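Worksheet: the structure to be examined is printed underneath.
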There are 2 protein chains.
Amino acid sequence: MTILNPARLRIFTSAAMSAALCLTTAGPVFAQISTDVTPDEIIEEAPVNVWRPIPADQLLVMKLAPDANGANRDIIIQLVPQPYSAGWVRNIRKLAHAHWWDGTSVNRVVDNWVTQWGDASEAKPLPATLETVPESDYAAMLKASDEPNAPANCTDSSPQAMCDNYAPVAQIIDGWPLASDGTTRWPVHCYASVGVGRENLPDTGSGAELYAAIGHAPRQLDRNTAVVGRVIEGIEYLSALPRGTGEMGFYAEGQNKVPIVSIRLASDLPATEQPHFEYMASDSDNFARYYASRANRKDSFYRASAGGVDVCNVKVPIRHAPPSGAGKK
Amino acid sequence: MTILNPARLRIFTSAAMSAALCLTTAGPVFAQISTDVTPDEIIEEAPVNVWRPIPADQLLVMKLAPDANGANRDIIIQLVPQPYSAGWVRNIRKLAHAHWWDGTSVNRVVDNWVTQWGDASEAKPLPATLETVPESDYAAMLKASDEPNAPANCTDSSPQAMCDNYAPVAQIIDGWPLASDGTTRWPVHCYASVGVGRENLPDTGSGAELYAAIGHAPRQLDRNTAVVGRVIEGIEYLSALPRGTGEMGFYAEGQNKVPIVSIRLASDLPATEQPHFEYMASDSDNFARYYASRANRKDSFYRASAGGVDVCNVKVPIRHAPPSGAGKK
């Protein structure tokens, strides 16, 4: 018995839309787009030219110690591109380059919140070249030309202007979920987002202590802790770990911290060991169709279309890619 | 090093609000409520009379086989009250009463999606008294007096009228996250929601095959599968299970299905074995303050307040209670 069927979508009917229009509300409607394919089919059918390679210096390869059965646990993290969280991302590249995380561990797992890793002793010296990153780096200044068109009453949502409960507007830009307030823009916390742990003062996080979100999007952390990336492969090696039973979900005496063998920037690895990934261009027609299909599930399994989707549930398509330069046409 | 500090909130400042007003948008603002306490403090300080007992016939006690270390894995599920998903909830009570789940198993775990349990053989006879539940039960009809006031431009959100990406309005009523379209109202899928697996036709789910959501709220399932409850204790025994490596995330050959020892309605247990829980009344002033504090995190750790919160991130307070009748004043 299943709860999800991959069969083709039927033509979008207007039931959800009509329902929404019964109220003079801010309810979302996607009246302009119909689709008869599933999100997965749109991904499969997207031509080569809508996929963008993720540069090797944007990828971290994190190796946990093998599991109890001896199986490898490799996690791939994509770092957020400029201009977001730039100081912390620079620090993270330095930490990876210095092999700083090798021999550290996963120390905290809180259900529906975060899995956190770093130096449990809090005594390991940090590279001297790390920056102290100012609070201003939690959001990037917008240029006037970048100011988003906020959706009017949520009736004209698009990847570039989504209704949002946490900001005036949310957006998918260059494959990343972001939010804006008309002055600044910031990367948001979704499932599998990677962020920087810190003490109370906002400039106390170096990037050496990191966490991944393993539950419902903890959007209240936006601009309070720095989103520096997202797990694009192997999140289950972090999300399915035993929960910590100590204070604040840290592993208690008798619980085994999970050893980190190494964290490397992919561009620091030999070419043959570098992973290759690509994402669907979020300014493409294919992505617009994908987005609409995520907002309007309607196929042989889905009966009712929501008519909307939240920025963390869009789930930008990312896939393995041929080595850069190969397979392009 | 931490990423969350429980220290007291400072007075709410209007930074997020001002930012929101820069745009003529649907961005959320909670101008009317300031708070200087954390959500946890509001829970702790709530007087006895704002807590409502959860009836024993609304609680399922689900016992998984002990874990590898011999520790118990007891899960408590609260069933959604009338009028929601009523046919399936009646079936679930019958299945529990018949001890139907004893000896079945958890068979499917998909990261950021669901953990699913039931009869892996799909051959176990169902009680003859189960109803075939019609598609109309996916949402309850509203009386005219129940029609929600949708938030105008998200600027006046409240527990009774929240902006939502998936419906004209979302609400917290009687402790449950719901959505409405002006004609009907339905329970929504949040983290730890429990729903009914089915085949393609909408009346094919009996309630014998259930799932719990273990990632970002899968709201696209709303009104497509029936929300029948939520895990209120022990969700980690479902969310931290190994992910299935078979088709659609079912456990493959060589992966161990997780045995279910029993699932009982609490009201069918001896009085001394019945669990007792209570929830914060969502029409109380305390809940309004709690809701506002969830939307406006601002304390010695939080620097920026979102000014809003989505219906699945409100997280209605639920706690252990004294046995019913005891401790009331």
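Ordered as shown in the structure tokens, chains take letters A, B, and onward, while each chain numbers its residues from 1 and ligands are numbered from 1 in the order shown.
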Q: Determine, counting only C-alpha atoms, which protein, DNA and RNA residues have an atom within 10 Å of an atom of Glu253 (chain B); residues of the same chain fewer than 5 positions away are not included. Present the result as an MDAnalysis selection string.
A: chainID B and resid 244:246
Based on the selection just made, write N, CA, C and O atoms of those residues as an mmCIF file, in the first residue's frame.
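This is the output file result-v3.cif:
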```
data_model
loop_
_atom_site.group_PDB
_atom_site.id
_atom_site.type_symbol
_atom_site.label_atom_id
_atom_site.label_comp_id
_atom_site.auth_asym_id
_atom_site.auth_seq_id
_atom_site.Cartn_x
_atom_site.Cartn_y
_atom_site.Cartn_z
ATOM 1 N N GLY B 244 14.355 3.576 4.626
ATOM 2 C CA GLY B 244 14.205 2.393 3.791
ATOM 3 C C GLY B 244 14.947 2.563 2.475
ATOM 4 O O GLY B 244 14.935 3.644 1.889
ATOM 5 N N THR B 245 15.586 1.503 2.040
ATOM 6 C CA THR B 245 16.362 1.581 0.796
ATOM 7 C C THR B 245 15.643 0.905 -0.367
ATOM 8 O O THR B 245 16.159 0.863 -1.482
ATOM 9 N N GLY B 246 14.445 0.359 -0.115
ATOM 10 C CA GLY B 246 13.686 -0.266 -1.185
ATOM 11 C C GLY B 246 12.894 0.764 -1.978
ATOM 12 O O GLY B 246 13.002 1.977 -1.757
#
```
Q.
Nearest residue to Val228 (chain B) out of B:Gly249, B:Gly215, B:Gly205, B:Pro242, using only C-alpha atoms?
A. B:Gly205
Q | CA of Gly197 (chain B) to CA of Glu209 (chain B), straight-line distance in Å | A | 5.2 Å
(Q) Give me, as a ChimeraX atom specification, all polymer residues having an atom no more than 10 Å from region 230-239 of chain B, counting only C-alpha atoms and skipping those fewer than 4 positions away in the same chain. (A) /A:110-112,214-215,239-243 /B:59-64,67,72-80,106,109-117,176,189-195,211-215,243,258,277,317-320
Output file for the selection above: C-alpha atoms, as a PDB file, in the first residue's frame:
```
ATOM      1  CA  VAL A 110      17.475  17.505  18.669  1.00  0.00           C
ATOM      2  CA  ASP A 111      14.364  16.059  17.073  1.00  0.00           C
ATOM      3  CA  ASN A 112      12.539  18.454  14.715  1.00  0.00           C
ATOM      4  CA  ILE A 214      16.341  18.151  10.494  1.00  0.00           C
ATOM      5  CA  GLY A 215      12.678  19.068  10.940  1.00  0.00           C
ATOM      6  CA  SER A 239      18.622  13.303  10.417  1.00  0.00           C
ATOM      7  CA  ALA A 240      18.356   9.635  11.456  1.00  0.00           C
ATOM      8  CA  LEU A 241      21.019   9.761  14.165  1.00  0.00           C
ATOM      9  CA  PRO A 242      19.979   8.957  17.741  1.00  0.00           C
ATOM     10  CA  ARG A 243      18.668  12.043  19.496  1.00  0.00           C
TER      11      ARG A 243
ATOM     12  CA  LEU B  59      -5.015   8.784  22.889  1.00  0.00           C
ATOM     13  CA  LEU B  60      -3.328   5.818  21.226  1.00  0.00           C
ATOM     14  CA  VAL B  61      -0.412   4.112  22.967  1.00  0.00           C
ATOM     15  CA  MET B  62       1.861   2.524  20.352  1.00  0.00           C
ATOM     16  CA  LYS B  63       4.620   0.217  21.597  1.00  0.00           C
ATOM     17  CA  LEU B  64       7.471  -0.642  19.274  1.00  0.00           C
ATOM     18  CA  ASP B  67      15.602  -0.887  20.663  1.00  0.00           C
ATOM     19  CA  ASN B  72      11.308   0.814  25.496  1.00  0.00           C
ATOM     20  CA  ARG B  73       9.927   2.770  22.567  1.00  0.00           C
ATOM     21  CA  ASP B  74       6.451   4.028  23.518  1.00  0.00           C
ATOM     22  CA  ILE B  75       4.725   6.494  21.235  1.00  0.00           C
ATOM     23  CA  ILE B  76       1.621   8.496  22.155  1.00  0.00           C
ATOM     24  CA  ILE B  77      -0.706   9.604  19.356  1.00  0.00           C
ATOM     25  CA  GLN B  78      -3.559  12.038  19.900  1.00  0.00           C
ATOM     26  CA  LEU B  79      -6.513  11.417  17.587  1.00  0.00           C
ATOM     27  CA  VAL B  80      -8.091  14.433  15.930  1.00  0.00           C
ATOM     28  CA  VAL B 106       6.983  -0.160  10.597  1.00  0.00           C
ATOM     29  CA  VAL B 109      10.781   5.358   6.221  1.00  0.00           C
ATOM     30  CA  VAL B 110      11.426   8.153   3.712  1.00  0.00           C
ATOM     31  CA  ASP B 111      13.649  11.023   4.772  1.00  0.00           C
ATOM     32  CA  ASN B 112      11.868  14.393   4.984  1.00  0.00           C
ATOM     33  CA  TRP B 113       8.592  12.652   4.210  1.00  0.00           C
ATOM     34  CA  VAL B 114       6.979   9.840   6.246  1.00  0.00           C
ATOM     35  CA  THR B 115       7.416   6.815   8.491  1.00  0.00           C
ATOM     36  CA  GLN B 116       4.661   4.316   7.696  1.00  0.00           C
ATOM     37  CA  TRP B 117       3.352   1.268   9.537  1.00  0.00           C
ATOM     38  CA  TRP B 176      -5.320  21.847  16.337  1.00  0.00           C
ATOM     39  CA  HIS B 189      -0.166  18.083   7.766  1.00  0.00           C
ATOM     40  CA  CYS B 190       2.572  19.305  10.102  1.00  0.00           C
ATOM     41  CA  TYR B 191       5.654  17.608  11.504  1.00  0.00           C
ATOM     42  CA  ALA B 192       4.465  14.530  13.474  1.00  0.00           C
ATOM     43  CA  SER B 193       0.980  14.567  11.966  1.00  0.00           C
ATOM     44  CA  VAL B 194      -0.444  11.076  11.561  1.00  0.00           C
ATOM     45  CA  GLY B 195      -2.343  10.241   8.383  1.00  0.00           C
ATOM     46  CA  TYR B 211       2.077   7.264   8.547  1.00  0.00           C
ATOM     47  CA  ALA B 212       3.676  10.041  10.553  1.00  0.00           C
ATOM     48  CA  ALA B 213       5.247  13.070   8.852  1.00  0.00           C
ATOM     49  CA  ILE B 214       8.956  13.268   9.742  1.00  0.00           C
ATOM     50  CA  GLY B 215      10.160  16.323   7.832  1.00  0.00           C
ATOM     51  CA  ARG B 243      15.561   5.098   6.056  1.00  0.00           C
ATOM     52  CA  VAL B 258      10.475  -2.535  13.211  1.00  0.00           C
ATOM     53  CA  PHE B 277      -1.856  14.775  28.695  1.00  0.00           C
ATOM     54  CA  PRO B 317       1.851  23.329  23.861  1.00  0.00           C
ATOM     55  CA  ILE B 318       1.037  19.817  25.101  1.00  0.00           C
ATOM     56  CA  ARG B 319       2.350  18.369  28.357  1.00  0.00           C
ATOM     57  CA  HIS B 320       1.960  15.519  30.800  1.00  0.00           C
TER      58      HIS B 320
END
```
Q | For chain A, the nearest of the candidates B:Gln58, B:Ser136, B:Thr184, B:Asn200, counting only C-alpha atoms | A | B:Asn200
Running DSSP on the backbone, which parts of region 213-286 of chain B land in strand (DSSP E), as a PDB file with N, CA and C atoms, in the first residue's frame?
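What ended up in out07.pdb:
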```
ATOM      1  N   ALA B 213       4.375  12.170   9.607  1.00  0.00           N
ATOM      2  CA  ALA B 213       5.247  13.070   8.852  1.00  0.00           C
ATOM      3  C   ALA B 213       6.522  13.310   9.656  1.00  0.00           C
ATOM      4  N   VAL B 227      -5.645  13.408   7.696  1.00  0.00           N
ATOM      5  CA  VAL B 227      -4.949  13.585   8.971  1.00  0.00           C
ATOM      6  C   VAL B 227      -5.872  13.082  10.071  1.00  0.00           C
ATOM      7  N   VAL B 228      -5.406  12.093  10.820  1.00  0.00           N
ATOM      8  CA  VAL B 228      -6.234  11.511  11.888  1.00  0.00           C
ATOM      9  C   VAL B 228      -5.672  11.779  13.272  1.00  0.00           C
ATOM     10  N   GLY B 229      -4.493  12.390  13.336  1.00  0.00           N
ATOM     11  CA  GLY B 229      -3.935  12.654  14.648  1.00  0.00           C
ATOM     12  C   GLY B 229      -2.534  13.215  14.551  1.00  0.00           C
ATOM     13  N   ARG B 230      -1.856  13.184  15.697  1.00  0.00           N
ATOM     14  CA  ARG B 230      -0.472  13.663  15.759  1.00  0.00           C
ATOM     15  C   ARG B 230       0.253  12.938  16.886  1.00  0.00           C
ATOM     16  N   VAL B 231       1.527  12.711  16.652  1.00  0.00           N
ATOM     17  CA  VAL B 231       2.365  12.108  17.690  1.00  0.00           C
ATOM     18  C   VAL B 231       2.683  13.196  18.707  1.00  0.00           C
ATOM     19  N   ILE B 232       2.311  12.968  19.956  1.00  0.00           N
ATOM     20  CA  ILE B 232       2.574  13.975  20.993  1.00  0.00           C
ATOM     21  C   ILE B 232       3.690  13.540  21.938  1.00  0.00           C
ATOM     22  N   GLU B 233       4.132  12.310  21.818  1.00  0.00           N
ATOM     23  CA  GLU B 233       5.315  11.858  22.571  1.00  0.00           C
ATOM     24  C   GLU B 233       5.959  10.703  21.806  1.00  0.00           C
ATOM     25  N   VAL B 258      10.507  -2.772  11.758  1.00  0.00           N
ATOM     26  CA  VAL B 258      10.475  -2.535  13.211  1.00  0.00           C
ATOM     27  C   VAL B 258       9.176  -3.107  13.763  1.00  0.00           C
ATOM     28  N   PRO B 259       9.259  -4.118  14.622  1.00  0.00           N
ATOM     29  CA  PRO B 259       8.037  -4.764  15.107  1.00  0.00           C
ATOM     30  C   PRO B 259       7.198  -3.832  15.991  1.00  0.00           C
ATOM     31  N   ILE B 260       5.902  -3.890  15.762  1.00  0.00           N
ATOM     32  CA  ILE B 260       4.945  -3.199  16.632  1.00  0.00           C
ATOM     33  C   ILE B 260       4.401  -4.223  17.622  1.00  0.00           C
ATOM     34  N   VAL B 261       4.673  -3.982  18.895  1.00  0.00           N
ATOM     35  CA  VAL B 261       4.192  -4.897  19.927  1.00  0.00           C
ATOM     36  C   VAL B 261       2.686  -4.739  20.097  1.00  0.00           C
ATOM     37  N   SER B 262       2.243  -3.490  20.194  1.00  0.00           N
ATOM     38  CA  SER B 262       0.805  -3.248  20.394  1.00  0.00           C
ATOM     39  C   SER B 262       0.472  -1.792  20.120  1.00  0.00           C
ATOM     40  N   ILE B 263      -0.777  -1.553  19.756  1.00  0.00           N
ATOM     41  CA  ILE B 263      -1.348  -0.210  19.727  1.00  0.00           C
ATOM     42  C   ILE B 263      -2.689  -0.301  20.441  1.00  0.00           C
ATOM     43  N   ARG B 264      -2.840   0.508  21.493  1.00  0.00           N
ATOM     44  CA  ARG B 264      -4.060   0.478  22.306  1.00  0.00           C
ATOM     45  C   ARG B 264      -4.633   1.884  22.439  1.00  0.00           C
ATOM     46  N   LEU B 265      -5.946   1.935  22.463  1.00  0.00           N
ATOM     47  CA  LEU B 265      -6.601   3.162  22.876  1.00  0.00           C
ATOM     48  C   LEU B 265      -6.379   3.294  24.391  1.00  0.00           C
ATOM     49  N   PHE B 277      -2.432  13.589  29.331  1.00  0.00           N
ATOM     50  CA  PHE B 277      -1.856  14.775  28.695  1.00  0.00           C
ATOM     51  C   PHE B 277      -2.880  15.904  28.696  1.00  0.00           C
ATOM     52  N   GLU B 278      -2.373  17.122  28.544  1.00  0.00           N
ATOM     53  CA  GLU B 278      -3.261  18.280  28.425  1.00  0.00           C
ATOM     54  C   GLU B 278      -2.627  19.280  27.455  1.00  0.00           C
ATOM     55  N   TYR B 279      -3.467  20.096  26.845  1.00  0.00           N
ATOM     56  CA  TYR B 279      -2.974  21.090  25.867  1.00  0.00           C
ATOM     57  C   TYR B 279      -3.402  22.476  26.303  1.00  0.00           C
ATOM     58  N   MET B 280      -2.655  23.474  25.841  1.00  0.00           N
ATOM     59  CA  MET B 280      -2.996  24.847  26.198  1.00  0.00           C
ATOM     60  C   MET B 280      -4.195  25.298  25.364  1.00  0.00           C
TER      61      MET B 280
END
```
Q: Identify which of the residues A:His99, A:His276, A:Arg108, A:Lys124 lies closest to chain B, counting only C-alpha atoms when measuring atom-to-atom distances.
A: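 Under the stated criterion, the closest residue is A:Arg108.
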(Q) Please determine, counting only C-alpha atoms, which residue among B:Gly207, B:Pro47, B:Pro125, B:Gly175 has the shortest atom-to-atom distance to Pro81 (chain B). (A)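 Under the stated criterion, the closest residue is B:Gly175.
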Excluding same-chain residues fewer than 5 positions from Leu142 (chain A), what lies within 12 Å of it counting only C-alpha atoms, as an mmCIF file with N, CA and C atoms, in the first residue's frame?
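Written file, result31.cif:
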```
data_model
loop_
_atom_site.group_PDB
_atom_site.id
_atom_site.type_symbol
_atom_site.label_atom_id
_atom_site.label_comp_id
_atom_site.auth_asym_id
_atom_site.auth_seq_id
_atom_site.Cartn_x
_atom_site.Cartn_y
_atom_site.Cartn_z
ATOM 1 N N PRO A 83 26.236 37.002 -2.477
ATOM 2 C CA PRO A 83 26.887 37.726 -1.381
ATOM 3 C C PRO A 83 26.465 37.243 0.005
ATOM 4 N N TYR A 84 25.820 36.076 0.108
ATOM 5 C CA TYR A 84 25.207 35.689 1.384
ATOM 6 C C TYR A 84 26.207 35.055 2.343
ATOM 7 N N GLU A 147 15.130 44.934 -6.053
ATOM 8 C CA GLU A 147 13.998 44.901 -5.130
ATOM 9 C C GLU A 147 12.864 44.067 -5.708
ATOM 10 N N PRO A 148 12.391 43.115 -4.926
ATOM 11 C CA PRO A 148 11.388 42.196 -5.471
ATOM 12 C C PRO A 148 10.009 42.835 -5.571
ATOM 13 N N ALA A 179 14.664 35.279 1.363
ATOM 14 C CA ALA A 179 13.579 36.184 1.746
ATOM 15 C C ALA A 179 14.111 37.613 1.715
ATOM 16 N N SER A 180 13.196 38.562 1.523
ATOM 17 C CA SER A 180 13.585 39.963 1.379
ATOM 18 C C SER A 180 12.619 40.847 2.148
ATOM 19 N N ASP A 181 13.127 41.995 2.537
ATOM 20 C CA ASP A 181 12.267 42.974 3.201
ATOM 21 C C ASP A 181 12.281 44.326 2.494
ATOM 22 N N GLY A 182 12.741 44.353 1.256
ATOM 23 C CA GLY A 182 12.759 45.600 0.508
ATOM 24 C C GLY A 182 14.094 46.325 0.611
ATOM 25 N N THR A 183 14.861 45.999 1.637
ATOM 26 C CA THR A 183 16.170 46.615 1.850
ATOM 27 C C THR A 183 17.288 45.586 1.787
ATOM 28 N N THR A 184 16.992 44.417 2.372
ATOM 29 C CA THR A 184 17.998 43.351 2.422
ATOM 30 C C THR A 184 17.374 42.028 1.984
ATOM 31 N N ARG A 185 18.258 41.069 1.699
ATOM 32 C CA ARG A 185 17.818 39.722 1.305
ATOM 33 C C ARG A 185 18.707 38.726 2.033
ATOM 34 N N TRP A 186 18.132 37.578 2.422
ATOM 35 C CA TRP A 186 18.893 36.612 3.196
ATOM 36 C C TRP A 186 18.469 35.190 2.818
#
```
Q. Running DSSP on the backbone, which parts of region 31-96 of chain B land in alpha helix (DSSP H), as a PyMOL selection string?
A. chain B and resi 39-45+86-96
Q: Measuring atom to atom with only C-alpha atoms, identify which of B:Asn49, B:Ser267, B:Thr204, B:Asn256 is nearest to Ser284 (chain B).
A: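 For Ser284 (chain B), the nearest of the candidates is B:Asn49.
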Q) Suppose you want the space between CA of Pro39 (chain B) and CA of Arg294 (chain B); what is it in Å? A)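 Those two atoms sit 6.2 Å apart.
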Which residues come within 12 Å of Ala123 (chain B), counting only C-alpha atoms, excluding same-chain residues fewer than 2 positions away, as a CSV table (one decimal) with N, CA, C and O atoms, in the first residue's frame?
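Saved file out.csv follows:
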```csv
chain,number,residue,atom,x,y,z
A,1,MET,N,0.8,-1.2,0.0
A,1,MET,CA,0.0,0.0,0.0
A,1,MET,C,0.9,1.3,0.0
A,1,MET,O,1.9,1.3,0.6
B,104,THR,N,2.2,-6.3,13.8
B,104,THR,CA,2.5,-5.7,12.5
B,104,THR,C,3.9,-4.9,12.7
B,104,THR,O,4.6,-5.2,13.6
B,118,GLY,N,2.0,-0.7,9.4
B,118,GLY,CA,0.8,-1.5,9.2
B,118,GLY,C,1.2,-2.9,8.9
B,118,GLY,O,2.3,-3.4,9.3
B,119,ASP,N,0.3,-3.6,8.2
B,119,ASP,CA,0.6,-5.0,7.9
B,119,ASP,C,1.4,-5.2,6.6
B,119,ASP,O,0.9,-5.0,5.5
B,120,ALA,N,2.6,-5.6,6.8
B,120,ALA,CA,3.5,-5.7,5.6
B,120,ALA,C,3.1,-6.7,4.6
B,120,ALA,O,3.3,-6.7,3.4
B,121,SER,N,2.4,-7.7,5.1
B,121,SER,CA,1.9,-8.8,4.2
B,121,SER,C,0.7,-8.4,3.4
B,121,SER,O,0.4,-9.0,2.4
B,125,PRO,N,-6.6,-10.0,7.6
B,125,PRO,CA,-8.0,-9.6,7.5
B,125,PRO,C,-8.3,-8.4,8.4
B,125,PRO,O,-7.9,-8.4,9.6
B,126,LEU,N,-9.1,-7.5,7.9
B,126,LEU,CA,-9.5,-6.3,8.7
B,126,LEU,C,-10.8,-6.7,9.4
B,126,LEU,O,-11.6,-7.5,9.0
B,208,ALA,N,-5.9,1.4,8.7
B,208,ALA,CA,-5.1,0.3,9.2
B,208,ALA,C,-3.6,0.6,8.8
B,208,ALA,O,-2.7,0.1,9.5
```
Q. If we count only C-alpha atoms, what is near Pro159 (chain B) at a cut-off of 8 Å, once residues fewer than 6 positions away on the same chain are taken out, given as a list in words?
A. Gln171, Ile172, Ile173, Ser282, Ala288 and Tyr291 of chain B
Q.
Applying 8 Å and only C-alpha atoms, which residues near Val133 (chain B) remain after dropping the ones on its own chain fewer than 4 positions away? List them as a PyMOL selection string.
A. chain B and resi 87-88+137+203-206
Would you save the residues of that selection, restricted to C-alpha atoms, as an mmCIF file, in the first residue's frame?
```
data_model
loop_
_atom_site.group_PDB
_atom_site.id
_atom_site.type_symbol
_atom_site.label_atom_id
_atom_site.label_comp_id
_atom_site.auth_asym_id
_atom_site.auth_seq_id
_atom_site.Cartn_x
_atom_site.Cartn_y
_atom_site.Cartn_z
ATOM 1 C CA GLY B 87 -14.874 7.815 9.644
ATOM 2 C CA TRP B 88 -11.194 6.957 9.749
ATOM 3 C CA ASP B 137 -14.631 13.203 4.926
ATOM 4 C CA ASP B 203 -11.935 5.897 -0.306
ATOM 5 C CA THR B 204 -9.340 3.090 -0.206
ATOM 6 C CA GLY B 205 -7.733 4.024 3.101
ATOM 7 C CA SER B 206 -9.235 2.277 6.110
#
```
